[in-house]
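Colleague: Data: model_20.cif, mmCIF, N, CA and C atoms and all ligand atoms.
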```cif
data_start
loop_
_atom_site.label_atom_id
_atom_site.label_comp_id
_atom_site.auth_asym_id
_atom_site.auth_seq_id
_atom_site.Cartn_x
_atom_site.Cartn_y
_atom_site.Cartn_z
N MET M 1 -83.97 -34.18 -63.90
CA MET M 1 -83.92 -34.27 -62.44
C MET M 1 -82.67 -35.01 -61.98
N LEU M 2 -82.42 -36.16 -62.61
CA LEU M 2 -81.23 -36.95 -62.27
C LEU M 2 -79.98 -36.14 -62.57
N PHE M 3 -80.00 -35.45 -63.73
CA PHE M 3 -78.85 -34.64 -64.12
C PHE M 3 -78.59 -33.56 -63.07
N LYS M 4 -79.68 -32.95 -62.58
CA LYS M 4 -79.54 -31.89 -61.58
C LYS M 4 -78.89 -32.44 -60.31
N HIS M 5 -79.32 -33.65 -59.89
CA HIS M 5 -78.74 -34.26 -58.69
C HIS M 5 -77.27 -34.61 -58.92
N LEU M 6 -76.97 -35.13 -60.12
CA LEU M 6 -75.57 -35.46 -60.43
C LEU M 6 -74.71 -34.21 -60.41
N GLN M 7 -75.26 -33.15 -61.01
CA GLN M 7 -74.54 -31.88 -61.05
C GLN M 7 -74.26 -31.39 -59.61
N GLU M 8 -75.29 -31.46 -58.76
CA GLU M 8 -75.12 -31.03 -57.36
C GLU M 8 -74.10 -31.92 -56.65
N TYR M 9 -74.14 -33.21 -56.97
CA TYR M 9 -73.21 -34.15 -56.34
C TYR M 9 -71.77 -33.78 -56.69
N PHE M 10 -71.54 -33.46 -57.97
CA PHE M 10 -70.19 -33.09 -58.38
C PHE M 10 -69.76 -31.76 -57.76
N ILE M 11 -70.73 -30.86 -57.60
CA ILE M 11 -70.41 -29.59 -56.91
C ILE M 11 -69.97 -29.88 -55.48
N CYS M 12 -70.67 -30.83 -54.84
CA CYS M 12 -70.32 -31.21 -53.46
C CYS M 12 -68.90 -31.77 -53.41
N ILE M 13 -68.56 -32.60 -54.39
CA ILE M 13 -67.22 -33.20 -54.42
C ILE M 13 -66.18 -32.09 -54.65
N THR M 14 -66.51 -31.19 -55.59
CA THR M 14 -65.60 -30.09 -55.88
C THR M 14 -65.38 -29.22 -54.65
N MET M 15 -66.47 -29.03 -53.88
CA MET M 15 -66.37 -28.20 -52.68
C MET M 15 -65.76 -28.97 -51.51
N LYS M 16 -65.43 -30.25 -51.77
CA LYS M 16 -64.85 -31.10 -50.73
C LYS M 16 -65.73 -31.18 -49.49
N LEU M 17 -67.04 -31.34 -49.73
CA LEU M 17 -67.95 -31.50 -48.61
C LEU M 17 -67.80 -32.91 -48.06
N THR M 18 -68.01 -33.05 -46.79
CA THR M 18 -67.94 -34.39 -46.19
C THR M 18 -69.21 -35.15 -46.56
N ALA M 19 -69.16 -36.46 -46.37
CA ALA M 19 -70.33 -37.30 -46.66
C ALA M 19 -71.53 -36.81 -45.85
N ARG M 20 -71.27 -36.40 -44.62
CA ARG M 20 -72.34 -35.91 -43.76
C ARG M 20 -72.95 -34.62 -44.32
N GLN M 21 -72.10 -33.72 -44.83
CA GLN M 21 -72.61 -32.47 -45.40
C GLN M 21 -73.41 -32.73 -46.67
N ILE M 22 -72.95 -33.72 -47.47
CA ILE M 22 -73.68 -34.07 -48.69
C ILE M 22 -75.05 -34.62 -48.34
N LEU M 23 -75.07 -35.51 -47.33
CA LEU M 23 -76.33 -36.10 -46.88
C LEU M 23 -77.28 -35.01 -46.40
N GLN M 24 -76.72 -34.06 -45.67
CA GLN M 24 -77.50 -32.97 -45.13
C GLN M 24 -78.11 -32.15 -46.27
N LYS M 25 -77.30 -31.92 -47.31
CA LYS M 25 -77.74 -31.12 -48.45
C LYS M 25 -78.87 -31.80 -49.21
N PHE M 26 -78.75 -33.12 -49.41
CA PHE M 26 -79.73 -33.82 -50.22
C PHE M 26 -80.98 -34.25 -49.46
N LEU M 27 -80.83 -34.65 -48.24
CA LEU M 27 -81.95 -35.22 -47.50
C LEU M 27 -82.51 -34.30 -46.43
N HIS M 28 -82.01 -33.06 -46.38
CA HIS M 28 -82.44 -32.13 -45.34
C HIS M 28 -82.28 -32.80 -43.98
N THR M 29 -81.14 -33.46 -43.82
CA THR M 29 -80.87 -34.14 -42.56
C THR M 29 -79.91 -33.28 -41.75
N ASN M 30 -80.27 -33.01 -40.54
CA ASN M 30 -79.40 -32.23 -39.67
C ASN M 30 -78.83 -33.13 -38.60
N TYR M 31 -77.67 -32.74 -38.12
CA TYR M 31 -77.02 -33.53 -37.08
C TYR M 31 -77.01 -32.78 -35.77
N CYS M 32 -77.29 -33.50 -34.73
CA CYS M 32 -77.32 -32.91 -33.39
C CYS M 32 -75.90 -32.90 -32.84
N ALA M 33 -75.73 -32.18 -31.76
CA ALA M 33 -74.42 -32.10 -31.13
C ALA M 33 -73.92 -33.49 -30.72
N ASP M 34 -74.83 -34.39 -30.38
CA ASP M 34 -74.43 -35.73 -29.95
C ASP M 34 -74.21 -36.67 -31.14
N GLY M 35 -74.28 -36.16 -32.37
CA GLY M 35 -73.99 -36.98 -33.54
C GLY M 35 -75.20 -37.66 -34.15
N GLY M 36 -76.34 -37.62 -33.48
CA GLY M 36 -77.54 -38.25 -34.03
C GLY M 36 -78.08 -37.46 -35.21
N ALA M 37 -78.76 -38.15 -36.13
CA ALA M 37 -79.31 -37.49 -37.31
C ALA M 37 -80.82 -37.36 -37.19
N MET M 38 -81.33 -36.28 -37.75
CA MET M 38 -82.79 -36.13 -37.83
C MET M 38 -83.13 -35.40 -39.12
N GLN M 39 -84.17 -35.85 -39.75
CA GLN M 39 -84.63 -35.18 -40.96
C GLN M 39 -85.36 -33.90 -40.56
N THR M 40 -85.12 -32.82 -41.29
CA THR M 40 -85.73 -31.54 -40.92
C THR M 40 -86.36 -30.87 -42.13
N LYS M 41 -87.21 -29.94 -41.86
CA LYS M 41 -87.78 -29.07 -42.89
C LYS M 41 -87.42 -27.65 -42.49
N ASN M 42 -86.59 -27.02 -43.27
CA ASN M 42 -86.19 -25.65 -42.95
C ASN M 42 -87.02 -24.66 -43.74
N VAL M 43 -87.73 -23.82 -43.02
CA VAL M 43 -88.56 -22.79 -43.65
C VAL M 43 -88.16 -21.46 -43.02
N THR M 44 -87.78 -20.51 -43.84
CA THR M 44 -87.40 -19.19 -43.34
C THR M 44 -88.56 -18.23 -43.54
N LEU M 45 -89.02 -17.64 -42.47
CA LEU M 45 -90.14 -16.70 -42.56
C LEU M 45 -89.69 -15.35 -42.02
N PRO M 46 -90.19 -14.28 -42.62
CA PRO M 46 -89.70 -12.94 -42.26
C PRO M 46 -90.32 -12.37 -40.99
N LYS M 47 -89.60 -11.38 -40.44
CA LYS M 47 -90.20 -10.53 -39.40
C LYS M 47 -91.08 -9.53 -40.13
N LEU M 48 -92.32 -9.39 -39.71
CA LEU M 48 -93.23 -8.45 -40.35
C LEU M 48 -92.92 -7.07 -39.79
N ASN M 49 -92.31 -6.22 -40.62
CA ASN M 49 -91.81 -4.94 -40.11
C ASN M 49 -92.76 -3.76 -40.34
N ASN M 50 -93.99 -4.08 -40.73
CA ASN M 50 -94.97 -3.01 -40.91
C ASN M 50 -96.14 -3.19 -39.95
N LEU M 51 -95.90 -3.94 -38.88
CA LEU M 51 -96.91 -4.18 -37.85
C LEU M 51 -96.28 -3.93 -36.49
N SER M 52 -97.10 -3.77 -35.47
CA SER M 52 -96.59 -3.64 -34.10
C SER M 52 -97.21 -4.74 -33.24
N PRO M 53 -96.73 -5.96 -33.42
CA PRO M 53 -97.36 -7.09 -32.72
C PRO M 53 -97.06 -7.09 -31.23
N THR M 54 -97.98 -7.65 -30.48
CA THR M 54 -97.79 -7.86 -29.05
C THR M 54 -98.01 -9.34 -28.78
N LEU M 55 -97.73 -9.73 -27.54
CA LEU M 55 -97.98 -11.12 -27.16
C LEU M 55 -99.46 -11.47 -27.37
N GLU M 56 -100.34 -10.54 -26.95
CA GLU M 56 -101.78 -10.80 -27.06
C GLU M 56 -102.24 -10.83 -28.52
N SER M 57 -101.78 -9.86 -29.33
CA SER M 57 -102.25 -9.81 -30.72
C SER M 57 -101.75 -11.03 -31.51
N THR M 58 -100.52 -11.46 -31.24
CA THR M 58 -100.03 -12.63 -31.97
C THR M 58 -100.71 -13.90 -31.49
N ALA M 59 -101.02 -13.96 -30.19
CA ALA M 59 -101.72 -15.15 -29.67
C ALA M 59 -103.12 -15.24 -30.29
N LEU M 60 -103.81 -14.11 -30.36
CA LEU M 60 -105.15 -14.12 -30.96
C LEU M 60 -105.07 -14.47 -32.45
N LYS M 61 -104.06 -13.91 -33.12
CA LYS M 61 -103.89 -14.20 -34.55
C LYS M 61 -103.58 -15.68 -34.76
N LEU M 62 -102.79 -16.24 -33.86
CA LEU M 62 -102.45 -17.66 -33.97
C LEU M 62 -103.72 -18.52 -33.87
N MET M 63 -104.60 -18.15 -32.94
CA MET M 63 -105.86 -18.89 -32.81
C MET M 63 -106.73 -18.72 -34.05
N GLU M 64 -106.76 -17.50 -34.58
CA GLU M 64 -107.54 -17.22 -35.79
C GLU M 64 -107.02 -18.08 -36.95
N GLU M 65 -105.70 -18.07 -37.13
CA GLU M 65 -105.12 -18.82 -38.26
C GLU M 65 -105.27 -20.34 -38.05
N THR M 66 -105.18 -20.77 -36.82
CA THR M 66 -105.38 -22.19 -36.53
C THR M 66 -106.82 -22.59 -36.87
N GLY M 67 -107.75 -21.68 -36.57
CA GLY M 67 -109.15 -21.93 -36.92
C GLY M 67 -109.34 -22.03 -38.42
N GLU M 68 -108.66 -21.17 -39.16
CA GLU M 68 -108.75 -21.21 -40.63
C GLU M 68 -108.16 -22.51 -41.17
N LEU M 69 -107.10 -22.97 -40.55
CA LEU M 69 -106.51 -24.26 -40.95
C LEU M 69 -107.50 -25.39 -40.71
N ALA M 70 -108.12 -25.38 -39.54
CA ALA M 70 -109.10 -26.42 -39.20
C ALA M 70 -110.27 -26.38 -40.18
N GLN M 71 -110.70 -25.15 -40.53
CA GLN M 71 -111.80 -24.99 -41.47
C GLN M 71 -111.43 -25.57 -42.84
N ALA M 72 -110.19 -25.30 -43.28
CA ALA M 72 -109.75 -25.81 -44.59
C ALA M 72 -109.72 -27.34 -44.59
N ILE M 73 -109.28 -27.92 -43.49
CA ILE M 73 -109.26 -29.39 -43.40
C ILE M 73 -110.69 -29.93 -43.34
N GLY M 74 -111.55 -29.23 -42.60
CA GLY M 74 -112.95 -29.63 -42.52
C GLY M 74 -113.61 -29.64 -43.88
N LYS M 75 -113.28 -28.63 -44.71
CA LYS M 75 -113.85 -28.57 -46.07
C LYS M 75 -113.38 -29.75 -46.90
N LEU M 76 -112.10 -30.08 -46.76
CA LEU M 76 -111.56 -31.22 -47.52
C LEU M 76 -112.29 -32.49 -47.14
N ARG M 77 -112.58 -32.64 -45.87
CA ARG M 77 -113.22 -33.85 -45.37
C ARG M 77 -114.75 -33.79 -45.39
N GLY M 78 -115.29 -32.67 -45.89
CA GLY M 78 -116.75 -32.55 -45.96
C GLY M 78 -117.39 -32.50 -44.59
N MET M 79 -116.69 -31.91 -43.61
CA MET M 79 -117.20 -31.89 -42.24
C MET M 79 -117.98 -30.62 -41.93
N ASN M 80 -118.13 -29.74 -42.91
CA ASN M 80 -118.80 -28.47 -42.63
C ASN M 80 -120.22 -28.43 -43.18
N GLY M 81 -120.70 -29.54 -43.67
CA GLY M 81 -122.07 -29.58 -44.18
C GLY M 81 -122.20 -29.12 -45.62
N GLU M 82 -121.18 -28.42 -46.13
CA GLU M 82 -121.22 -27.98 -47.53
C GLU M 82 -120.62 -29.08 -48.40
N SER M 83 -121.09 -29.11 -49.64
CA SER M 83 -120.37 -29.99 -50.56
C SER M 83 -119.19 -29.17 -51.08
N SER M 84 -117.98 -29.68 -50.89
CA SER M 84 -116.78 -28.94 -51.25
C SER M 84 -116.73 -28.69 -52.74
N ARG M 85 -116.42 -27.43 -53.10
CA ARG M 85 -116.30 -27.10 -54.52
C ARG M 85 -114.88 -27.30 -55.02
N LEU M 86 -113.97 -27.56 -54.10
CA LEU M 86 -112.58 -27.74 -54.49
C LEU M 86 -112.27 -29.23 -54.65
N ASP M 87 -111.45 -29.54 -55.66
CA ASP M 87 -110.99 -30.92 -55.72
C ASP M 87 -109.87 -31.09 -54.67
N GLU M 88 -109.47 -32.32 -54.45
CA GLU M 88 -108.52 -32.58 -53.36
C GLU M 88 -107.22 -31.80 -53.52
N ARG M 89 -106.74 -31.72 -54.77
CA ARG M 89 -105.47 -31.01 -55.01
C ARG M 89 -105.58 -29.54 -54.62
N GLN M 90 -106.70 -28.92 -55.00
CA GLN M 90 -106.92 -27.51 -54.63
C GLN M 90 -107.09 -27.36 -53.13
N ALA M 91 -107.81 -28.31 -52.54
CA ALA M 91 -108.09 -28.22 -51.10
C ALA M 91 -106.80 -28.33 -50.29
N VAL M 92 -105.89 -29.21 -50.69
CA VAL M 92 -104.65 -29.33 -49.91
C VAL M 92 -103.74 -28.12 -50.12
N GLN M 93 -103.88 -27.44 -51.27
CA GLN M 93 -103.15 -26.19 -51.46
C GLN M 93 -103.65 -25.13 -50.47
N VAL M 94 -104.97 -25.07 -50.29
CA VAL M 94 -105.55 -24.12 -49.33
C VAL M 94 -105.05 -24.47 -47.92
N ILE M 95 -105.02 -25.75 -47.60
CA ILE M 95 -104.55 -26.20 -46.29
C ILE M 95 -103.09 -25.78 -46.09
N ALA M 96 -102.27 -25.98 -47.12
CA ALA M 96 -100.86 -25.61 -47.01
C ALA M 96 -100.70 -24.10 -46.80
N ARG M 97 -101.52 -23.31 -47.49
CA ARG M 97 -101.46 -21.85 -47.32
C ARG M 97 -101.83 -21.46 -45.89
N GLU M 98 -102.88 -22.09 -45.38
CA GLU M 98 -103.30 -21.77 -44.00
C GLU M 98 -102.23 -22.22 -42.99
N LEU M 99 -101.60 -23.34 -43.28
CA LEU M 99 -100.52 -23.82 -42.40
C LEU M 99 -99.37 -22.81 -42.36
N LEU M 100 -99.05 -22.24 -43.52
CA LEU M 100 -97.99 -21.21 -43.55
C LEU M 100 -98.41 -19.97 -42.78
N ASP M 101 -99.71 -19.63 -42.80
CA ASP M 101 -100.19 -18.50 -41.98
C ASP M 101 -99.95 -18.80 -40.50
N VAL M 102 -100.21 -20.04 -40.10
CA VAL M 102 -99.98 -20.44 -38.70
C VAL M 102 -98.49 -20.31 -38.38
N ALA M 103 -97.65 -20.83 -39.26
CA ALA M 103 -96.20 -20.79 -39.03
C ALA M 103 -95.70 -19.35 -38.98
N GLN M 104 -96.21 -18.50 -39.90
CA GLN M 104 -95.79 -17.09 -39.92
C GLN M 104 -96.15 -16.41 -38.60
N THR M 105 -97.34 -16.70 -38.12
CA THR M 105 -97.78 -16.08 -36.86
C THR M 105 -96.95 -16.59 -35.69
N ALA M 106 -96.60 -17.87 -35.72
CA ALA M 106 -95.74 -18.42 -34.66
C ALA M 106 -94.37 -17.73 -34.69
N VAL M 107 -93.85 -17.52 -35.88
CA VAL M 107 -92.56 -16.83 -36.01
C VAL M 107 -92.68 -15.38 -35.52
N SER M 108 -93.78 -14.73 -35.85
CA SER M 108 -93.98 -13.36 -35.36
C SER M 108 -93.99 -13.33 -33.84
N MET M 109 -94.62 -14.33 -33.22
CA MET M 109 -94.64 -14.39 -31.76
C MET M 109 -93.25 -14.65 -31.19
N MET M 110 -92.44 -15.41 -31.92
CA MET M 110 -91.05 -15.63 -31.48
C MET M 110 -90.29 -14.30 -31.44
N PHE M 111 -90.49 -13.47 -32.49
CA PHE M 111 -89.84 -12.15 -32.49
C PHE M 111 -90.31 -11.31 -31.30
N VAL M 112 -91.61 -11.36 -31.00
CA VAL M 112 -92.14 -10.61 -29.86
C VAL M 112 -91.48 -11.10 -28.57
N LEU M 113 -91.39 -12.42 -28.39
CA LEU M 113 -90.79 -12.97 -27.17
C LEU M 113 -89.32 -12.57 -27.03
N GLU M 114 -88.61 -12.59 -28.17
CA GLU M 114 -87.19 -12.21 -28.13
C GLU M 114 -87.01 -10.72 -27.84
N GLU M 115 -87.73 -9.91 -28.61
CA GLU M 115 -87.48 -8.47 -28.58
C GLU M 115 -88.15 -7.74 -27.41
N GLN M 116 -89.30 -8.25 -26.99
CA GLN M 116 -90.03 -7.54 -25.94
C GLN M 116 -89.89 -8.19 -24.56
N TYR M 117 -89.46 -9.47 -24.55
CA TYR M 117 -89.38 -10.18 -23.27
C TYR M 117 -88.01 -10.82 -23.03
N GLY M 118 -87.08 -10.65 -23.97
CA GLY M 118 -85.72 -11.15 -23.78
C GLY M 118 -85.58 -12.66 -23.79
N VAL M 119 -86.52 -13.36 -24.40
CA VAL M 119 -86.44 -14.82 -24.46
C VAL M 119 -85.38 -15.25 -25.47
N ASP M 120 -84.57 -16.22 -25.11
CA ASP M 120 -83.56 -16.78 -26.02
C ASP M 120 -84.20 -17.97 -26.76
N ILE M 121 -84.73 -17.67 -27.95
CA ILE M 121 -85.47 -18.70 -28.70
C ILE M 121 -84.55 -19.87 -29.08
N ASP M 122 -83.29 -19.59 -29.40
CA ASP M 122 -82.37 -20.67 -29.76
C ASP M 122 -82.23 -21.67 -28.61
N SER M 123 -82.15 -21.14 -27.41
CA SER M 123 -82.03 -22.00 -26.24
C SER M 123 -83.31 -22.82 -26.04
N VAL M 124 -84.45 -22.16 -26.21
CA VAL M 124 -85.74 -22.86 -26.06
C VAL M 124 -85.88 -23.90 -27.17
N HIS M 125 -85.36 -23.58 -28.35
CA HIS M 125 -85.40 -24.52 -29.47
C HIS M 125 -84.61 -25.79 -29.12
N SER M 126 -83.43 -25.60 -28.55
CA SER M 126 -82.62 -26.76 -28.15
C SER M 126 -83.34 -27.62 -27.11
N GLU M 127 -83.96 -26.96 -26.16
CA GLU M 127 -84.75 -27.69 -25.14
C GLU M 127 -85.88 -28.46 -25.81
N HIS M 128 -86.48 -27.83 -26.80
CA HIS M 128 -87.60 -28.44 -27.53
C HIS M 128 -87.16 -29.74 -28.21
N ILE M 129 -86.00 -29.69 -28.88
CA ILE M 129 -85.49 -30.88 -29.57
C ILE M 129 -85.19 -31.99 -28.55
N GLU M 130 -84.60 -31.61 -27.43
CA GLU M 130 -84.31 -32.59 -26.38
C GLU M 130 -85.60 -33.23 -25.85
N LYS M 131 -86.62 -32.40 -25.70
CA LYS M 131 -87.92 -32.91 -25.23
C LYS M 131 -88.49 -33.93 -26.22
N LEU M 132 -88.38 -33.63 -27.52
CA LEU M 132 -88.89 -34.55 -28.54
C LEU M 132 -88.16 -35.89 -28.49
N LYS M 133 -86.85 -35.82 -28.22
CA LYS M 133 -86.06 -37.05 -28.12
C LYS M 133 -86.45 -37.84 -26.88
N LYS M 134 -86.61 -37.12 -25.78
CA LYS M 134 -86.97 -37.76 -24.52
C LYS M 134 -88.31 -38.47 -24.63
N LYS M 135 -89.23 -37.86 -25.37
CA LYS M 135 -90.56 -38.46 -25.55
C LYS M 135 -90.54 -39.54 -26.63
N ARG M 136 -89.37 -39.72 -27.25
CA ARG M 136 -89.17 -40.73 -28.29
C ARG M 136 -89.98 -40.40 -29.56
N TYR M 137 -90.25 -39.09 -29.80
CA TYR M 137 -90.85 -38.69 -31.07
C TYR M 137 -89.75 -38.66 -32.14
N ILE M 138 -88.52 -38.54 -31.70
CA ILE M 138 -87.35 -38.66 -32.57
C ILE M 138 -86.51 -39.78 -32.01
N VAL M 139 -86.16 -40.73 -32.85
CA VAL M 139 -85.26 -41.80 -32.39
C VAL M 139 -83.99 -41.76 -33.19
N GLU M 140 -82.91 -42.06 -32.52
CA GLU M 140 -81.59 -42.04 -33.16
C GLU M 140 -81.47 -43.22 -34.12
N ASP M 141 -80.74 -43.00 -35.23
CA ASP M 141 -80.41 -44.11 -36.13
C ASP M 141 -79.52 -45.07 -35.38
N GLU M 142 -79.78 -46.36 -35.60
CA GLU M 142 -78.91 -47.34 -34.90
C GLU M 142 -78.20 -48.22 -35.89
MG MG V 1 -105.16 -17.65 -42.96
#
```
Before we go any further, please render this structure as structure tokens.
Ligand SMILES: [Mg+2]
Modeller:
Amino acid sequence: MLFKHLQEYFICITMKLTARQILQKFLHTNYCADGGAMQTKNVTLPKLNNLSPTLESTALKLMEETGELAQAIGKLRGMNGESSRLDERQAVQVIARELLDVAQTAVSMMFVLEEQYGVDIDSVHSEHIEKLKKKRYIVEDE
């Protein structure tokens, strides 16, 4: 593991990446236009090209998948009256899978908004980040 990081570090030096780019590569830290740093999780999810989603179908699917996520968490916490047959490690894997279903459905809805309603998701994304900062859910490094 250490060797892999050292190897990547030397690749960064060879590529003449800046300290900021190296930090971004290792810590998944992104920089905002104003220079502030925030840790991010980048997940790329596909457009489902064998379906014909609508705003309504994706909204309903989002609720369905959110319900499945809640159910998976309920099972982990023993909130459904059943004694869970899964150990914690297995249960959190199920939770993670359901969370990805939620994320996939959200991404599908983004495609619907862009393609069928002309919404500029990148612009809404920027507004979203600003909102998080304004609410102080993200604070700048000082
Ligand atoms: Mg699901």
Colleague: Dump the neighbourhood of ligand MG 1 (chain V) as a list of chain:residue names: all residues within 12 Å, distances computed on only C-alpha atoms and all ligand atoms.
Modeller: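 These are the residues that qualify: M:Lys61, M:Leu62, M:Met63, M:Glu64, M:Glu65, M:Thr66, M:Gly67, M:Glu68, M:Leu69, M:Ala70, M:Gln71, M:Ala72, M:Val94, M:Ile95, M:Ala96, M:Arg97, M:Glu98, M:Leu99, M:Leu100, M:Asp101, M:Val102, M:Ala103, M:Gln104, M:Thr105.
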Colleague: Please list as a list of chain:residue names every residue within 7 Å of segment 109-120 of chain M, counting all atoms listed in the file and excluding residues in the same chain fewer than 6 positions away.
Modeller: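 The residues satisfying every condition are M:Pro53, M:Thr54, M:Leu55, M:Thr58, M:Ala59.
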Colleague: Find the distance between atom CA of Tyr137 of chain M and atom CA of Gln39 of chain M and write it in Å to one decimal.
Modeller: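 Atom CA of Gln39 of chain M lies 12.2 Å from atom CA of Tyr137 of chain M.
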Colleague: What separation in Å, quoted to one decimal, exists between atom CA of Leu76 of chain M and atom C of Glu88 of chain M?
Modeller: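 We find that atom CA of Leu76 of chain M and atom C of Glu88 of chain M lie 7.4 Å from each other.
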Colleague: Expressed in Å to a single decimal, how great is the separation between atom CA of Glu130 of chain M and atom CA of Pro46 of chain M?
Modeller: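 A separation of 25.8 Å between them.
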Colleague: Which of these, M:Ser108, M:Asn80, M:Gln93, M:Ser126, has the shortest distance to Lys47 of chain M once you count only N, CA and C atoms?
Modeller: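 Among M:Ser108, M:Asn80, M:Gln93, M:Ser126, it is M:Ser108 that comes nearest to Lys47 of chain M.
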